Amino acid sequence: MSAPSGSPHATAGARTPPRPGVAVAPAALASSGPAPARQNGPAQSQMQVPSGHGLHHQNYVAPSGPYSLEPGKLASSLPDGQCNDYYSGLYTLPAQKVATPGAASHTGAQQVYCGGPPAPPLLGTLPGPVPGATVAASHMHTSASQPYPSFVNYYSSPTIYTASSSAASQGFPATCHYGVSAVSNAVHPSVSYSSLPPGDPYTQVFTSQSALATGPGRKGSFPGQNAAPSRPSALAAPLPPQHLQQQSLAGYSALSWSVPGLPPTQDKLIRNHSGPLASASSSPANPGVDSSSTTSSASPVPNSYDVLEGGGYPDMHSSSASSPAPDPVPEPQPVPTPTAPQSAKVAKPFGHSYPALQPGYQNAAAPPTSGVQPGAVPYAAFQQYPQQYPGVNQLSSSLGGLSLQSSPQPESLRPVNLTQEKDVLPPTPIWAPVPNLNLDLKKLNCSPDSFRCTLTNIPQTQALLNKAKLPLGLLLHPFRDLTQLPVITSNIIVRCRSCRTYINPFVSFIDQRRWKCNLCYRVNDVPEEFMYNPLTRSYGEPHKRPEVQNSTVEFIASSDYMLRPPQAAVYLFVLDVSHNAVEAGYLTVLCQSLLENLDKLPGDSRTRIGFMTFDSTIHFYNLQEGLSQPQMLIVSDIDDVFLPTPDGLLVNLYESKELIKVLLNALPSMFTNTRETHSALGPALQAAFKLMSPTGGRVSVFQTQLPSLGAGLLQSREDPNQRSSTKVVQHLGPATDFYKKLALDCSGQQTAMDLFLLSSQYSDLASLACMSKYSAGCIYYYPSFHCTHNPSQAEKLQKDLKRYLTRKIGFEAVMRIRCTKGLSMHTFHGNFFVRSTDLLSLANINPDAGFAVQLSIEESLTDTSLVCFQTALLYTSSKGERRIRVHTLCLPVVSSLAEVYAGVDVQAAICLLANMAVDRSVSSSLSDARDALVNAVVDSLSAYGSAVSNFQHSGLIAPASLKLFPLYVLALLKQKAFRTGTSTRLDDRVYAMCQIKSQPLVHLMKMIHPNLYRIDRLTDEGAIHVSDRVVPQPPLQKLSAERLTREGAFLMDCGSVFYIWIGKSCDNNFIEDVLGYPNFASIPQKMTYLPDLDTLSSERTRSFVAWLRDSRPLSPVLHVVKDESPAKAEFFQHLVEDRTEAAFSYYEFLVHVQRHICK
Amino acid sequence: MDRTRQKKKKKKIYIYIYIYIYIYHTKAFTFAAFCSMQALLLTAALIFFAIWHILAFDELKTDYKNPIDQCNTLNPLVLSEYLIHAFFCTMFLYAAKWLTLGLNMPLLAYHIWRYISRPVMSGPGLYDPTTIMNADILAYCQKEGCS
């Protein structure tokens, strides 16, 4: 480490004397007396003082004795408040030279760097010889004698299980007034939880179930159960309990969501299932569909977003996956006999959501007259599986095979005639389909919020995949905010010896001592320590360890996983202070947010922070502790940038907090009179890189115009006349590779650059974005930002900054994606640098980053029935811990085309296609990308038409799983990134592309296809309860002007922005109650908030908006759009189903696709 | 699968070897002969470059090397390979060896096209470390390695 960090300074120091461009501008420059002394001070002190913290070696951080001399001297020589004058004075004389002190300091620095405490080797493999590292290691390690000291605390999810399930059983009596068949479905849940450890509350369910089988009342907690015989076939009554029970039995904590919400959902869903389900609708348990639009997460890590957004497994069973859903329904209607087998039968429809198990169960239960056994026998049979712990593959093949044969026409394959179906969009949010796995695996599988595959049934061969004409890929959101995450502190991290896969729930234990890797099929030994289960405090149950019970876990890594001691959190802000920037006034917003969030910056006591500003020169700020005021150091030699002083530019946040605050308060007003219009971004970034390269960390770059000086200068490439051209859109790629090279250098030094572009004119985002794209940063763009003229943008910046500054961050990260032998990674999408075929180098990782991976099938997967994908994200937390977050996803392999279509996850497919289209439009052309998108629809639908569906309709036939595909592709074609014919600024387009590449699926979907709700008639019907608030759940409307009525008010949720559209003759009561204005005419043109009014409808609207807001990290800005205001074009451009002058309407698009298919 | 890849890899080597043999047989003590001798030596160098490329991309694919380093070593080679080829094409032009020139024209044209459509780069070369790991491009480079 000493070598790379020392060398730039050494050269700088050596060269300094002849250099004219140095303008060291300490605040005390006026009196040249103390300056040399001060300059020498740091150097000496640094040589003597060992670093204060055991872990890090950036010795210049350490506070030191000799420093204390300085402030006194400084203060005495410094008239108060001179600083500002001084800056401006210096500003006019950038070439002023103070060569001697500069030289002194440089040589000093050189010595420091070379002679400091032994720094660890950057690339050393083992930390053995490095003192610092061993310290770190001993921190990390827990002694062997006490293997899991903190384990129980960390690993709290079992407690959640228990809590929620007991809550569930308490919840039952409440629902009993529905009486009825609450009993029935107990069968399935009992099966589903059979793998849980004994003593777990789920066993209650078992017992109750068997009690039920033998006779009527069970456990007294189900008083209504006796009503079972009179089970009505009316819909609403029997359903809610089942629904609720499903939730509760599944152990999710969303119980508080009340019953009243359910019947409407049910209705909607039934409506949704038209054709083949007609019979089902008369049965009490309309099966797969009993969707709880509201429920919580199914993963062992119930996370706040989960709870809010749903996305739990039960929902997903219901919504679309449930492949064998409609088939065995017809039985339960007319049977009046309340015998036990009967009740077991009733369970079946419910069991649709568990397709893998259900058929087996059905077979066993076939003779319904045989009394008690049918219910009990299969249940026992399943029960023994987890105890034997057979190979996962065998298990699934035995069960999975059954399920496939017994379902003639799964719901997701139901053919839909798109040209005739008017409302393809369901009224409830769309959930990810659930892979058709057996119940145990399904329960263990990774949450679709973090890990999704475009095909939940993986085709066996590449040929089959080619036939299906669907993209195969993964959508990842690996660093998502999770409120509950099993953290494992263990001496050993069990991994496969050949492919280095982490042990996961889908491995198979051959016996107690050996496990078989599910990715490369190597048989590994189970280490001795792994035999002990810290959760149950039992020995000899390796398969009950948390690693094997959770598909998302986090390990605290030992020193084996470090190339150097974990770095501290280091933040550098590089701010544009040219005339343009000062005019826009972003500094005020930034400094304000920074001051507010300074204490909330993630980090530990080593956290360091620094500031740089630039216009045509580069200004550094010495914030060394002990100074009475920040010093500004100006480097005007932008052709060959160097650091004016080796230390004090990045300072410890806590030691120099006062100085930082002074600087932040002074910054906005410091440059008010500047006339400098040039911007030397490139040199400033080079300087930032030099400053950061010894440690790595995060650089936040704020830029307001086209860089016009020094390296990396850019020319305007946009021709405004071409903005709405339908032909060629040029300049989507970078103009220079300067930023890319810089980003690669940064990435090598574990530095990420985040770009905030706040420009009113074209500033070539396509080139600038490279700095973040390849260094794993993130990009924010605020077109026409002005803090007073455009308050909504200012508000957005403020909110984004709050999130940006306080969100979690991981440093020096790498992410490796592994998959079962036979599959291989093809192309990666996102912001990172690909270091090898499956390794992404991420200098920083943030919770809002999403990734996509294209896969290809290299070898046939015929000899396996399951494939697994594992992402392992190794990062340094802001607290200086090395951690590994592992997600594992397991999917079945299928051999027929129909099954491939049945398992399409249309949202994931669209997101992957969008990523591919971005690549295509950059590498080839936009029109190519658009054609490719249309072809994707045409190809997949025609392949389906010719291979699977045997209908000879005239219409456009799609499987139900793909029915939204054309709609989404159309939405994508009308998205800013890909639209033609509508005036789109080049930067806006490029920004949209950047977002497509780096956003996680949930946010990207809202960007592509916004959600539209009608909000002027919100009712509590169907509402859910979230932390004491009632949140109404209005149905989704399709994005078409035909749904807008003049009497209504509509809310459109576009991810990063909300529009509330108020119709011309909207009810005055609503306007008054919600917006606080007497009538339509008095609503102002620009309204960006909802007033806090004490009326019911206002409360409802606000709680709904707040609920939507809470579900995403970046708080969106709200615009109230009046029907006749000019802003309404913004709103209407999102109505993708309508025709615009340059693009098809949805129906026209379908006809277009159909014409292509027929060709 | 591996075997087909091997075949493709060998393609470029074969082309150069053919050129080598052809030139060897047509030498005579004229300017043309001098050209042939020159080309003979240079083709040997090109064969070496081609093998080097194949090895480099194999290394990249099997994770032995960092793409940045690999691109830095390969990029200077590309332009020199192309220049050498262009150089003996012009030599043949002056020597009025029309047949040889004709045989070499397609390869020359391909080289020119390839260099024009390279990614935005400040230095010479073809390979961009950020995109080289895309399976498509890697496979393409590997096949081309000696096509």
# chains A, B, ... in the order shown; residues from 1 in each chain; ligands from 1
>>> interface_residues(of="chain B", to="chain A", cutoff="9 Å", atoms="only C-alpha atoms", output="list in words")
Leu60, Lys61, Thr62, Asp63, Tyr64, Lys65, Asn66, Pro67, Ile68, Pro119, Val120, Met121, Ser122, Pro129, Thr130, Thr131, Ile132, Met133, Asn134, Ala135 and Asp136 of chain B
>>> write_last_selection(atoms="C-alpha atoms", output="compact mmCIF listing (two decimals), in the first residue's frame")
# COMPACT_ATOMS: atom_id res chain seq x y z
CA LEU B 60 -9.31 -14.23 -20.17
CA LYS B 61 -12.05 -16.74 -20.42
CA THR B 62 -10.59 -18.92 -17.75
CA ASP B 63 -10.17 -16.02 -15.33
CA TYR B 64 -6.43 -16.02 -15.25
CA LYS B 65 -6.10 -12.40 -16.16
CA ASN B 66 -7.70 -9.09 -15.48
CA PRO B 67 -9.43 -7.73 -18.59
CA ILE B 68 -7.78 -4.33 -18.19
CA PRO B 119 -15.37 1.29 -29.67
CA VAL B 120 -14.56 4.86 -28.70
CA MET B 121 -10.98 4.80 -27.50
CA SER B 122 -8.22 7.28 -27.17
CA PRO B 129 -11.98 -3.82 -21.12
CA THR B 130 -15.53 -2.97 -20.13
CA THR B 131 -17.17 -4.86 -22.93
CA ILE B 132 -14.66 -7.57 -23.62
CA MET B 133 -16.21 -9.82 -20.99
CA ASN B 134 -19.56 -9.89 -22.75
CA ALA B 135 -19.85 -13.45 -23.90
CA ASP B 136 -20.77 -12.37 -27.43
>>> residues_around(residues="Leu40 (chain B)", least_positions_apart="5", cutoff="9 Å", atoms="only C-alpha atoms", output="ChimeraX atom specification")
/B:19-21,23-24,35,45
>>> residues_around(residues="Ser36 (chain B)", least_positions_apart="3", cutoff="12 Å", atoms="only C-alpha atoms", output="ChimeraX atom specification")
/B:19-33,39-43,88-97,100-101
>>> residues_around(residues="Leu1090 (chain A)", least_positions_apart="5", cutoff="9 Å", atoms="only C-alpha atoms", output="number ranges by chain")
A: 1074-1076, 1098, 1101-1102, 1118, 1120
>>> select_by_dssp(residues="region 902-962 of chain A", states="alpha helix (DSSP H)", output="PDB file with C-alpha atoms, in the first residue's frame")
ATOM      1  CA  ALA A 902     -46.252 -21.463 -18.204  1.00  0.00           C
ATOM      2  CA  VAL A 906     -43.321 -11.271 -17.727  1.00  0.00           C
ATOM      3  CA  GLN A 907     -42.078  -8.357 -15.654  1.00  0.00           C
ATOM      4  CA  ALA A 908     -38.614  -9.785 -15.340  1.00  0.00           C
ATOM      5  CA  ALA A 909     -38.579 -10.565 -19.032  1.00  0.00           C
ATOM      6  CA  ILE A 910     -39.508  -6.990 -19.863  1.00  0.00           C
ATOM      7  CA  CYS A 911     -36.812  -5.587 -17.625  1.00  0.00           C
ATOM      8  CA  LEU A 912     -34.223  -7.836 -19.168  1.00  0.00           C
ATOM      9  CA  LEU A 913     -35.392  -6.927 -22.658  1.00  0.00           C
ATOM     10  CA  ALA A 914     -35.184  -3.257 -21.755  1.00  0.00           C
ATOM     11  CA  ASN A 915     -31.589  -3.752 -20.653  1.00  0.00           C
ATOM     12  CA  MET A 916     -30.747  -5.568 -23.840  1.00  0.00           C
ATOM     13  CA  ALA A 917     -32.445  -2.880 -25.885  1.00  0.00           C
ATOM     14  CA  VAL A 918     -30.337  -0.196 -24.230  1.00  0.00           C
ATOM     15  CA  ASP A 919     -27.205  -2.084 -25.186  1.00  0.00           C
ATOM     16  CA  ARG A 920     -28.487  -2.513 -28.667  1.00  0.00           C
ATOM     17  CA  SER A 921     -29.336   1.127 -29.133  1.00  0.00           C
ATOM     18  CA  VAL A 922     -25.896   2.193 -27.971  1.00  0.00           C
ATOM     19  CA  SER A 923     -23.955  -0.352 -29.959  1.00  0.00           C
ATOM     20  CA  LEU A 926     -32.195   3.082 -31.617  1.00  0.00           C
ATOM     21  CA  SER A 927     -34.366   1.884 -34.447  1.00  0.00           C
ATOM     22  CA  ASP A 928     -32.629  -1.477 -34.280  1.00  0.00           C
ATOM     23  CA  ALA A 929     -33.447  -1.690 -30.619  1.00  0.00           C
ATOM     24  CA  ARG A 930     -37.064  -0.802 -31.251  1.00  0.00           C
ATOM     25  CA  ASP A 931     -37.325  -3.404 -33.953  1.00  0.00           C
ATOM     26  CA  ALA A 932     -35.782  -5.949 -31.635  1.00  0.00           C
ATOM     27  CA  LEU A 933     -38.385  -5.188 -28.994  1.00  0.00           C
ATOM     28  CA  VAL A 934     -41.243  -5.629 -31.409  1.00  0.00           C
ATOM     29  CA  ASN A 935     -39.653  -8.772 -32.729  1.00  0.00           C
ATOM     30  CA  ALA A 936     -39.416 -10.146 -29.226  1.00  0.00           C
ATOM     31  CA  VAL A 937     -43.198  -9.995 -28.976  1.00  0.00           C
ATOM     32  CA  VAL A 938     -43.782 -11.243 -32.462  1.00  0.00           C
ATOM     33  CA  ASP A 939     -41.376 -14.143 -32.103  1.00  0.00           C
ATOM     34  CA  SER A 940     -42.534 -15.335 -28.749  1.00  0.00           C
ATOM     35  CA  LEU A 941     -46.214 -15.127 -29.582  1.00  0.00           C
ATOM     36  CA  SER A 942     -45.827 -16.786 -32.925  1.00  0.00           C
ATOM     37  CA  ALA A 943     -43.679 -19.505 -31.401  1.00  0.00           C
ATOM     38  CA  TYR A 944     -46.378 -20.057 -28.836  1.00  0.00           C
ATOM     39  CA  GLY A 945     -49.063 -20.020 -31.476  1.00  0.00           C
ATOM     40  CA  SER A 946     -47.378 -22.576 -33.644  1.00  0.00           C
ATOM     41  CA  ALA A 947     -45.979 -24.867 -30.982  1.00  0.00           C
TER      42      ALA A 947
END
>>> atom_distance(atom1="CA of Gly777 (chain A)", atom2="CA of Lys690 (chain A)")
17.5 Å
>>> decode(residues="region 645-674 of chain A", atoms="N, CA, C and O atoms", output="compact mmCIF listing (two decimals), in the first residue's frame")
# COMPACT_ATOMS: atom_id res chain seq x y z
N THR A 645 -1.58 19.48 -0.74
CA THR A 645 -1.05 19.06 0.55
C THR A 645 -1.45 17.60 0.74
O THR A 645 -2.54 17.20 0.34
N PRO A 646 -0.60 16.81 1.32
CA PRO A 646 -0.90 15.39 1.39
C PRO A 646 -1.94 15.06 2.44
O PRO A 646 -2.56 14.01 2.40
N ASP A 647 -2.13 15.93 3.40
CA ASP A 647 -3.06 15.57 4.46
C ASP A 647 -3.98 16.74 4.74
O ASP A 647 -3.74 17.87 4.30
N GLY A 648 -5.01 16.46 5.46
CA GLY A 648 -5.94 17.53 5.81
C GLY A 648 -7.02 17.73 4.78
O GLY A 648 -7.95 18.48 5.00
N LEU A 649 -6.91 17.06 3.63
CA LEU A 649 -7.96 17.21 2.62
C LEU A 649 -9.09 16.24 2.88
O LEU A 649 -10.26 16.52 2.60
N LEU A 650 -8.75 15.07 3.38
CA LEU A 650 -9.77 14.12 3.82
C LEU A 650 -9.59 14.00 5.32
O LEU A 650 -8.56 13.53 5.78
N VAL A 651 -10.58 14.43 6.06
CA VAL A 651 -10.37 14.49 7.50
C VAL A 651 -11.40 13.64 8.23
O VAL A 651 -12.46 13.32 7.69
N ASN A 652 -11.05 13.30 9.42
CA ASN A 652 -11.98 12.51 10.23
C ASN A 652 -13.21 13.35 10.53
O ASN A 652 -13.12 14.48 11.01
N LEU A 653 -14.35 12.76 10.27
CA LEU A 653 -15.61 13.49 10.39
C LEU A 653 -15.83 13.98 11.81
O LEU A 653 -16.33 15.08 12.02
N TYR A 654 -15.44 13.18 12.78
CA TYR A 654 -15.78 13.56 14.15
C TYR A 654 -14.78 14.53 14.73
O TYR A 654 -15.12 15.39 15.52
N GLU A 655 -13.54 14.37 14.30
CA GLU A 655 -12.54 15.26 14.86
C GLU A 655 -12.63 16.66 14.25
O GLU A 655 -12.30 17.64 14.90
N SER A 656 -13.05 16.74 13.03
CA SER A 656 -13.08 18.05 12.37
C SER A 656 -14.49 18.54 12.13
O SER A 656 -14.74 19.33 11.24
N LYS A 657 -15.41 18.04 12.92
CA LYS A 657 -16.80 18.35 12.62
C LYS A 657 -17.06 19.86 12.60
O LYS A 657 -17.79 20.36 11.73
N GLU A 658 -16.48 20.57 13.53
CA GLU A 658 -16.75 22.01 13.61
C GLU A 658 -16.29 22.70 12.33
O GLU A 658 -17.02 23.51 11.75
N LEU A 659 -15.10 22.33 11.89
CA LEU A 659 -14.58 22.95 10.66
C LEU A 659 -15.47 22.62 9.47
O LEU A 659 -15.73 23.48 8.62
N ILE A 660 -15.91 21.39 9.44
CA ILE A 660 -16.77 20.99 8.31
C ILE A 660 -18.04 21.81 8.32
O ILE A 660 -18.51 22.30 7.29
N LYS A 661 -18.58 22.02 9.51
CA LYS A 661 -19.81 22.79 9.58
C LYS A 661 -19.57 24.23 9.13
O LYS A 661 -20.39 24.82 8.44
N VAL A 662 -18.45 24.76 9.56
CA VAL A 662 -18.12 26.13 9.13
C VAL A 662 -18.05 26.19 7.61
O VAL A 662 -18.63 27.08 6.97
N LEU A 663 -17.37 25.23 7.05
CA LEU A 663 -17.22 25.22 5.59
C LEU A 663 -18.57 25.09 4.91
O LEU A 663 -18.88 25.81 3.95
N LEU A 664 -19.40 24.19 5.41
CA LEU A 664 -20.69 23.98 4.75
C LEU A 664 -21.57 25.22 4.87
O LEU A 664 -22.35 25.51 3.96
N ASN A 665 -21.44 25.91 5.96
CA ASN A 665 -22.23 27.14 6.09
C ASN A 665 -21.72 28.23 5.17
O ASN A 665 -22.48 29.04 4.67
N ALA A 666 -20.40 28.21 4.95
CA ALA A 666 -19.82 29.28 4.14
C ALA A 666 -19.94 29.01 2.64
O ALA A 666 -20.06 29.94 1.86
N LEU A 667 -19.92 27.74 2.27
CA LEU A 667 -19.84 27.39 0.84
C LEU A 667 -20.87 28.07 -0.04
O LEU A 667 -20.50 28.63 -1.09
N PRO A 668 -22.17 28.04 0.30
CA PRO A 668 -23.13 28.59 -0.65
C PRO A 668 -22.89 30.05 -0.97
O PRO A 668 -23.17 30.49 -2.09
N SER A 669 -22.37 30.80 -0.01
CA SER A 669 -22.21 32.23 -0.28
C SER A 669 -20.81 32.58 -0.78
O SER A 669 -20.54 33.71 -1.14
N MET A 670 -19.92 31.59 -0.78
CA MET A 670 -18.53 31.88 -1.06
C MET A 670 -18.29 32.32 -2.50
O MET A 670 -17.41 33.10 -2.80
N PHE A 671 -19.09 31.79 -3.39
CA PHE A 671 -18.81 32.02 -4.81
C PHE A 671 -19.88 32.87 -5.46
O PHE A 671 -20.03 32.85 -6.67
N THR A 672 -20.65 33.60 -4.68
CA THR A 672 -21.80 34.29 -5.26
C THR A 672 -21.42 35.25 -6.37
O THR A 672 -22.20 35.48 -7.27
N ASN A 673 -20.23 35.81 -6.29
CA ASN A 673 -19.89 36.82 -7.29
C ASN A 673 -19.00 36.29 -8.40
O ASN A 673 -18.41 37.06 -9.15
N THR A 674 -18.89 35.00 -8.50
CA THR A 674 -17.97 34.45 -9.48
C THR A 674 -18.42 34.76 -10.90
O THR A 674 -19.63 34.82 -11.19
